[in-house]
Amino acid sequence: MHCLVKPALKTTLKSFDTSQYGGAPLLGLNGLVVKTHGSSKAVEVKNSILQCIAFKEEKINEKIKEQIGLEDKAAENN
């Protein structure tokens with residue numbers, strides 16, 4: 001049983017590994033900001049930059065604004 005749990009646990013813990021992501025996005029701003037911890041190593045800073053690039057390419061800000069607009073319209077209709 002222990003052998004079956006270990007891979008799943010590693011996968012789960014990896015999702016909390018800050019070095020994989022580098023930072024967290026700050027929402028509610030007109031621009032794109034990813035906050036990186038002050039003690040971040042080079043790999044974490046690099047991953048933060050890559051995360052910003054991915055957010056920009058995926059037009060995350062525009063998608064959030066669009067979704068909020070849809071939710072506001074739905075609330076108005078109820």
# chains A, B, ... in the order shown; residues from 1 in each chain; ligands from 1
>>> residues_around(residues="Lys41 in chain A", least_positions_apart="4", cutoff="10 Å", atoms="only C-alpha atoms", output="list in words")
Ser19, Gly22, Thr36, His37, Val45 and Lys46 of chain A
>>> residues_around(residues="Ile53 in chain A", least_positions_apart="4", cutoff="12 Å", atoms="only C-alpha atoms", output="MDAnalysis selection string")
chainID A and resid 25 32:34 46:49 57:60
>>> atom_distance(atom1="CA of Asn30 in chain A", atom2="CA of Glu71 in chain A")
18.5 Å
